[in-house]
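Here is the structure we will look at.
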Amino acid sequence: MSQLFAFTDPQATEHAISGGKGANLARAARHLPVPPGIVVGSEVYRQFVAPLHEAIRAVLDDATLDHAARSERIQSLLLAQSLPSSLRDELIEKMQALGLADTPVAVRSSGTLEDLPGAAFAGQHDTLLGIRGVDAVLVAIRRCHASLWNAHVLPYRERLGLDHLDAAMAVVVQKMVQVNEHEAAGVAFSIDPVRGALDQVLINAAFGLGETVVGGEAPVDEYRLQRGDLGEVAAVIAEKPQALVTDDANGTRHVALPAAQANAPALDAEQRRAVAKLALAAEQHFGFPQDIEWAWQDGQLYLLQSRAVTCIPARWTRDESAERFPNPVTPLTWDLCEAGFHASLNHSFRLMGLPPFGDKWFAMRDYYIYGNQNAVQLYSGRTPANMLKDVESIRAALPQIAAQFAWVQELPVRWMRDLDTYLIGIGTLMREPLDGRPLNELWDYVLRINALGASYFLPNIAISLTQRTLYVGLQQMLQLALPAGQAQQVFDQLLAVTDTKTSQVNAELWSLSRLARMDADLLGRLHNEASIDLLEALPQHPAFHAEFQRFLARHGHRELDFDAYHPTWVEAPQIVLDQLKMLIDRPDEDRAAAELRQKAAQAAMEHSVLNHAPEELRYLVHEVIRLARAYTALDDLEHYQTTRLHLPFRRGLKAIGEQLVERSVLTDPMDVYFVPLAVLDAALHRGELAPITPAAAQHKAGYLAACARTPDWIFGEAEPVSIDGTDVLNGLGGSPGVVEGVVFVVRSPEDFPHFPKDAILVARTTNPAWTPLFYQASGVITESGGPLSHGAVTARELGLPAVMSVRHVMRLLDSGQRVRLDGRNGTVEILSPP
């Protein structure tokens, strides 16, 4: 079976066959000006190196050798090994067919471990230029194979935890673009990853071959152009005294340039625009910002390589994190969650056909969690928008949509299948006895909980991202057929009612409130006694108490905060009683009948939408509507199930904390949450507990200080909090409708009992445990979140106007102020002073 693939061969686009560089070139060659070439598949390397595995392993295991010595010995083994004669015969045939037999070619390494998260291997392996003839190419292929064992590559793979013998090398043999000293080559980025400017194209250029630009070996020109109109933002012209060109001996040489040319731009204005257009065309082709290598030859511009841009300077903001992480987080909780979160993120990107992100998406700064907003912008909007721009585009894209997004239909089924394994694991952990176990075993228990959680959580971010994508897709399709305002109204009605786990829990809370109303004595106590004091008296009301206990058994893992440092409902049941107090005075109502009417209206709207859709698109429209609802419910369910981890985490860490208190290492068992993972792991494994005490004290003080302040929205940039003389605050529309009323600012569950009926709820964010407040409220305003947030979804279900993501609203509004909020347009008009 052939292991040589022309760029036009569909198999050449597979990463496992062609490596990162080869696969990208093969994909680019479909629509972009890529010189012809061949991929020598990775299986050639595997067969070539297989007889040497034992000898290579012996070198790797020799502790007396450093990386340089290991590299030299392994490369000598490979370079002494001959490639099979059959490869030569096939290579002659392929090179002749593509016109490569009598022309210089570039022979480039293309590793199969390239482009892994955080493992680009950029510049780590060899490229050989100006190679002519099949025998020279075969020598170059072996040199590329050997470069998999370059001395600087060995520690790089080890640092990433990659097994050396798992790595394989494909090789690209490509027609050489012979740039002379009067023409230019270089690299370009369809965004500027140096400055984090997502609206600019960045170009580096030099005279001659682009290897000097790629390798950073010589001065280069830098040009920045606006992505929109390709207008020039800046140009820095370097002195370029030499140019690298091919020579007659099948190699390369440096040519000295005259002073006038050395100080001249390598590209004129029109060429700069052409290179920028090529970078943008590569981005359009791959669906993601690209880092390209390019070259001019005889007035023709060629694309030599294209890879995704996945590294960009971080810009830490609360835009993406304030909803998910509204409050300070203890160091241990964050350390335990962070790796699993980023693994889930890249798993999701792979499902969605996006490149992995090798840096941090979320990070802790002064005990608050911040999101890398540049990364968010880099990855946002990568939905199949071009497929949905008009009806004809949708028709043409139907086969591609079916093939590319089949996983969207499959993911809920796979997730539900794997849920059982997770729930059984939680049950097993909760039954595991902890009394009398040593600290190292208790710590192992916590780490096993974390491993179970990371495995379960792997696909969960994909659920949230897909829900967002489905919403955007449905809105786009509706806007093709309807005016913008009407399209939004139809969208809201199609998704107004979704059967979620939160809805089920709320229905059970409602039933509990009806049961409490039947006990006059209990009803009076609920009105007059603090919930924390009433808990001890509940057994005096056996009917209610029994049902209340059953409710906690089912849903007691419901969290009050993301951080496991905070108790759940089962440990703070007074919070549930506070929620019931907000429901007991509401009059009886036929909720089932009201829900039936809502669902009937929703079904009628869906029927109308499908009737107006072109016949061949009805199934697609129906599936997008169905999946948008399904993912809304699934997103809610995965959050509900994720919080089950709080119970075993708190159980295990409490046991550790109690032992540390007994040994006078801590004064409070819960202070274990203030000890960073690295410190706690080292101390408990080594039995050297002294470092725990100062770490806990330092971070507890920092955490408490964070709780007392409002974090900067942009980390390190304090913003003035004012409304600049205007009485209108702007946010995002979360649920349509207009309401006027007084606001009540809720900062924590402790404020629940004091929430006045028909006030407008103002909060940093909300989670499912806050839902009973919505039954009391006439509207909702949040500082974070958007149309897919818990607050927006719940408000739409209950018909409450809501405005989300109003910056600084917690400081700009005080309880008792009167406002008018418009949930359609996302505005809050202040009607009375503070």
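Residue numbering restarts at 1 in every chain; chains get A, B, ... in the order shown in the structure tokens, and ligands count up from 1 in that same order.
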Applying 9 Å and only C-alpha atoms, which residues near Met582 of chain A remain after dropping the ones on its own chain fewer than 6 positions away? List them as a CSV table (one decimal) with C-alpha atoms, in the first residue's frame.
chain,number,residue,atom,x,y,z
A,513,SER,CA,-44.5,25.2,49.8
A,752,PHE,CA,-33.0,36.0,50.1
A,753,PRO,CA,-35.4,36.4,53.1
A,755,PHE,CA,-36.3,40.3,49.1
A,757,LYS,CA,-42.4,41.0,46.5
A,772,PRO,CA,-37.3,31.1,43.8
A,773,LEU,CA,-36.3,34.8,43.8
A,775,TYR,CA,-41.1,34.2,41.5
A,776,GLN,CA,-41.0,37.2,43.7
Worksheet entry | Spatial neighbours of Leu280 of chain A, 12 Å, only C-alpha atoms, chain gap at least 2 places, as number ranges by chain | A: 32, 188-191, 199-203, 225-230, 273-278, 282-292, 303, 306
Practice prompt. Pick out each residue of segment 49-252 of chain A that DSSP on the backbone tags as strand (DSSP E); I need them as a PyMOL selection string.
Written response: chain A and resi 105-111+127-131+169-175+184-189+200-207+221-226+232-236+242-246+252
Worksheet, complete the sentence: One residue among A:Ala101, A:Leu87, A:Val728, A:Leu411 is nearest to Ile131 of chain A when using only C-alpha atoms, and that residue is A:Ala101
Name all residues at most 12 Å from Gln467 of chain A (count only C-alpha atoms; drop same-chain ones fewer than 4 positions away) and give them as a PDB file with N, CA and C atoms, in the first residue's frame.
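Produced file around.pdb, reproduced below:
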ATOM      1  N   THR A 383     -18.516  29.800  14.273  1.00  0.00           N
ATOM      2  CA  THR A 383     -19.659  28.973  13.872  1.00  0.00           C
ATOM      3  C   THR A 383     -19.726  28.935  12.350  1.00  0.00           C
ATOM      4  N   VAL A 408     -22.924  16.634  16.898  1.00  0.00           N
ATOM      5  CA  VAL A 408     -23.859  17.424  17.708  1.00  0.00           C
ATOM      6  C   VAL A 408     -25.068  16.576  18.084  1.00  0.00           C
ATOM      7  N   GLN A 409     -25.516  15.722  17.157  1.00  0.00           N
ATOM      8  CA  GLN A 409     -26.630  14.830  17.452  1.00  0.00           C
ATOM      9  C   GLN A 409     -26.207  13.685  18.364  1.00  0.00           C
ATOM     10  N   LEU A 411     -23.566  13.666  20.688  1.00  0.00           N
ATOM     11  CA  LEU A 411     -23.000  13.995  21.992  1.00  0.00           C
ATOM     12  C   LEU A 411     -23.977  13.799  23.146  1.00  0.00           C
ATOM     13  N   PRO A 412     -25.247  14.251  23.055  1.00  0.00           N
ATOM     14  CA  PRO A 412     -26.157  14.025  24.191  1.00  0.00           C
ATOM     15  C   PRO A 412     -26.342  12.550  24.523  1.00  0.00           C
ATOM     16  N   ASN A 460     -18.135  18.457  28.792  1.00  0.00           N
ATOM     17  CA  ASN A 460     -19.175  19.363  29.267  1.00  0.00           C
ATOM     18  C   ASN A 460     -19.084  20.774  28.706  1.00  0.00           C
ATOM     19  N   ILE A 461     -17.876  21.272  28.472  1.00  0.00           N
ATOM     20  CA  ILE A 461     -17.775  22.603  27.875  1.00  0.00           C
ATOM     21  C   ILE A 461     -18.291  22.571  26.445  1.00  0.00           C
ATOM     22  N   ALA A 462     -18.118  21.431  25.764  1.00  0.00           N
ATOM     23  CA  ALA A 462     -18.669  21.300  24.411  1.00  0.00           C
ATOM     24  C   ALA A 462     -20.177  21.495  24.426  1.00  0.00           C
ATOM     25  N   ILE A 463     -20.820  21.059  25.496  1.00  0.00           N
ATOM     26  CA  ILE A 463     -22.276  21.225  25.598  1.00  0.00           C
ATOM     27  C   ILE A 463     -22.625  22.709  25.623  1.00  0.00           C
ATOM     28  N   TYR A 471     -27.956  28.362  19.139  1.00  0.00           N
ATOM     29  CA  TYR A 471     -28.747  29.589  19.276  1.00  0.00           C
ATOM     30  C   TYR A 471     -28.405  30.573  18.152  1.00  0.00           C
ATOM     31  N   VAL A 472     -27.109  30.750  17.907  1.00  0.00           N
ATOM     32  CA  VAL A 472     -26.680  31.674  16.852  1.00  0.00           C
ATOM     33  C   VAL A 472     -27.177  31.186  15.492  1.00  0.00           C
ATOM     34  N   GLY A 473     -27.058  29.882  15.229  1.00  0.00           N
ATOM     35  CA  GLY A 473     -27.515  29.334  13.954  1.00  0.00           C
ATOM     36  C   GLY A 473     -29.007  29.511  13.749  1.00  0.00           C
ATOM     37  N   LEU A 474     -29.793  29.247  14.794  1.00  0.00           N
ATOM     38  CA  LEU A 474     -31.249  29.405  14.686  1.00  0.00           C
ATOM     39  C   LEU A 474     -31.617  30.870  14.457  1.00  0.00           C
ATOM     40  N   LEU A 495     -38.015  29.004  22.143  1.00  0.00           N
ATOM     41  CA  LEU A 495     -37.179  28.476  23.225  1.00  0.00           C
ATOM     42  C   LEU A 495     -37.676  28.901  24.607  1.00  0.00           C
ATOM     43  N   VAL A 624     -32.378  21.937  14.228  1.00  0.00           N
ATOM     44  CA  VAL A 624     -31.722  23.018  14.964  1.00  0.00           C
ATOM     45  C   VAL A 624     -32.599  23.460  16.133  1.00  0.00           C
ATOM     46  N   ILE A 625     -33.927  23.557  15.911  1.00  0.00           N
ATOM     47  CA  ILE A 625     -34.840  23.912  17.002  1.00  0.00           C
ATOM     48  C   ILE A 625     -34.804  22.833  18.084  1.00  0.00           C
ATOM     49  N   ARG A 626     -34.910  21.572  17.665  1.00  0.00           N
ATOM     50  CA  ARG A 626     -34.917  20.463  18.634  1.00  0.00           C
ATOM     51  C   ARG A 626     -33.620  20.431  19.426  1.00  0.00           C
ATOM     52  N   LEU A 627     -32.494  20.574  18.722  1.00  0.00           N
ATOM     53  CA  LEU A 627     -31.206  20.486  19.401  1.00  0.00           C
ATOM     54  C   LEU A 627     -30.955  21.693  20.300  1.00  0.00           C
ATOM     55  N   ALA A 628     -31.429  22.869  19.901  1.00  0.00           N
ATOM     56  CA  ALA A 628     -31.267  24.041  20.760  1.00  0.00           C
ATOM     57  C   ALA A 628     -31.980  23.809  22.091  1.00  0.00           C
ATOM     58  N   ARG A 629     -33.169  23.221  22.046  1.00  0.00           N
ATOM     59  CA  ARG A 629     -33.877  22.911  23.291  1.00  0.00           C
ATOM     60  C   ARG A 629     -33.161  21.800  24.056  1.00  0.00           C
ATOM     61  N   ALA A 630     -32.729  20.775  23.310  1.00  0.00           N
ATOM     62  CA  ALA A 630     -32.075  19.638  23.965  1.00  0.00           C
ATOM     63  C   ALA A 630     -30.797  20.073  24.673  1.00  0.00           C
ATOM     64  N   TYR A 631     -30.015  20.940  24.030  1.00  0.00           N
ATOM     65  CA  TYR A 631     -28.761  21.389  24.641  1.00  0.00           C
ATOM     66  C   TYR A 631     -29.007  22.366  25.783  1.00  0.00           C
ATOM     67  N   THR A 632     -30.117  23.110  25.731  1.00  0.00           N
ATOM     68  CA  THR A 632     -30.468  23.958  26.865  1.00  0.00           C
ATOM     69  C   THR A 632     -30.719  23.094  28.099  1.00  0.00           C
ATOM     70  N   ALA A 633     -31.483  22.021  27.900  1.00  0.00           N
ATOM     71  CA  ALA A 633     -31.758  21.101  29.012  1.00  0.00           C
ATOM     72  C   ALA A 633     -30.494  20.370  29.440  1.00  0.00           C
ATOM     73  N   LEU A 634     -29.665  19.980  28.468  1.00  0.00           N
ATOM     74  CA  LEU A 634     -28.449  19.229  28.786  1.00  0.00           C
ATOM     75  C   LEU A 634     -27.437  20.106  29.519  1.00  0.00           C
ATOM     76  N   ASP A 635     -27.334  21.367  29.122  1.00  0.00           N
ATOM     77  CA  ASP A 635     -26.420  22.286  29.797  1.00  0.00           C
ATOM     78  C   ASP A 635     -26.815  22.446  31.264  1.00  0.00           C
ATOM     79  N   ASP A 636     -28.123  22.527  31.523  1.00  0.00           N
ATOM     80  CA  ASP A 636     -28.614  22.634  32.895  1.00  0.00           C
ATOM     81  C   ASP A 636     -28.364  21.327  33.661  1.00  0.00           C
ATOM     82  N   PRO A 787     -27.548  36.204  27.054  1.00  0.00           N
ATOM     83  CA  PRO A 787     -28.821  35.551  26.730  1.00  0.00           C
ATOM     84  C   PRO A 787     -28.874  34.069  27.080  1.00  0.00           C
ATOM     85  N   LEU A 788     -27.704  33.419  27.273  1.00  0.00           N
ATOM     86  CA  LEU A 788     -27.709  31.993  27.607  1.00  0.00           C
ATOM     87  C   LEU A 788     -27.479  31.748  29.091  1.00  0.00           C
ATOM     88  N   SER A 789     -27.357  32.801  29.879  1.00  0.00           N
ATOM     89  CA  SER A 789     -27.088  32.626  31.305  1.00  0.00           C
ATOM     90  C   SER A 789     -28.315  32.087  32.015  1.00  0.00           C
TER      91      SER A 789
END
Item to complete: Write out as a ChimeraX atom specification the residues lying within 8 Å of segment 502-508 of chain A, counting only C-alpha atoms and excluding same-chain residues fewer than 5 positions away.
Response: /A:551,555,636-637,640,768,771-772
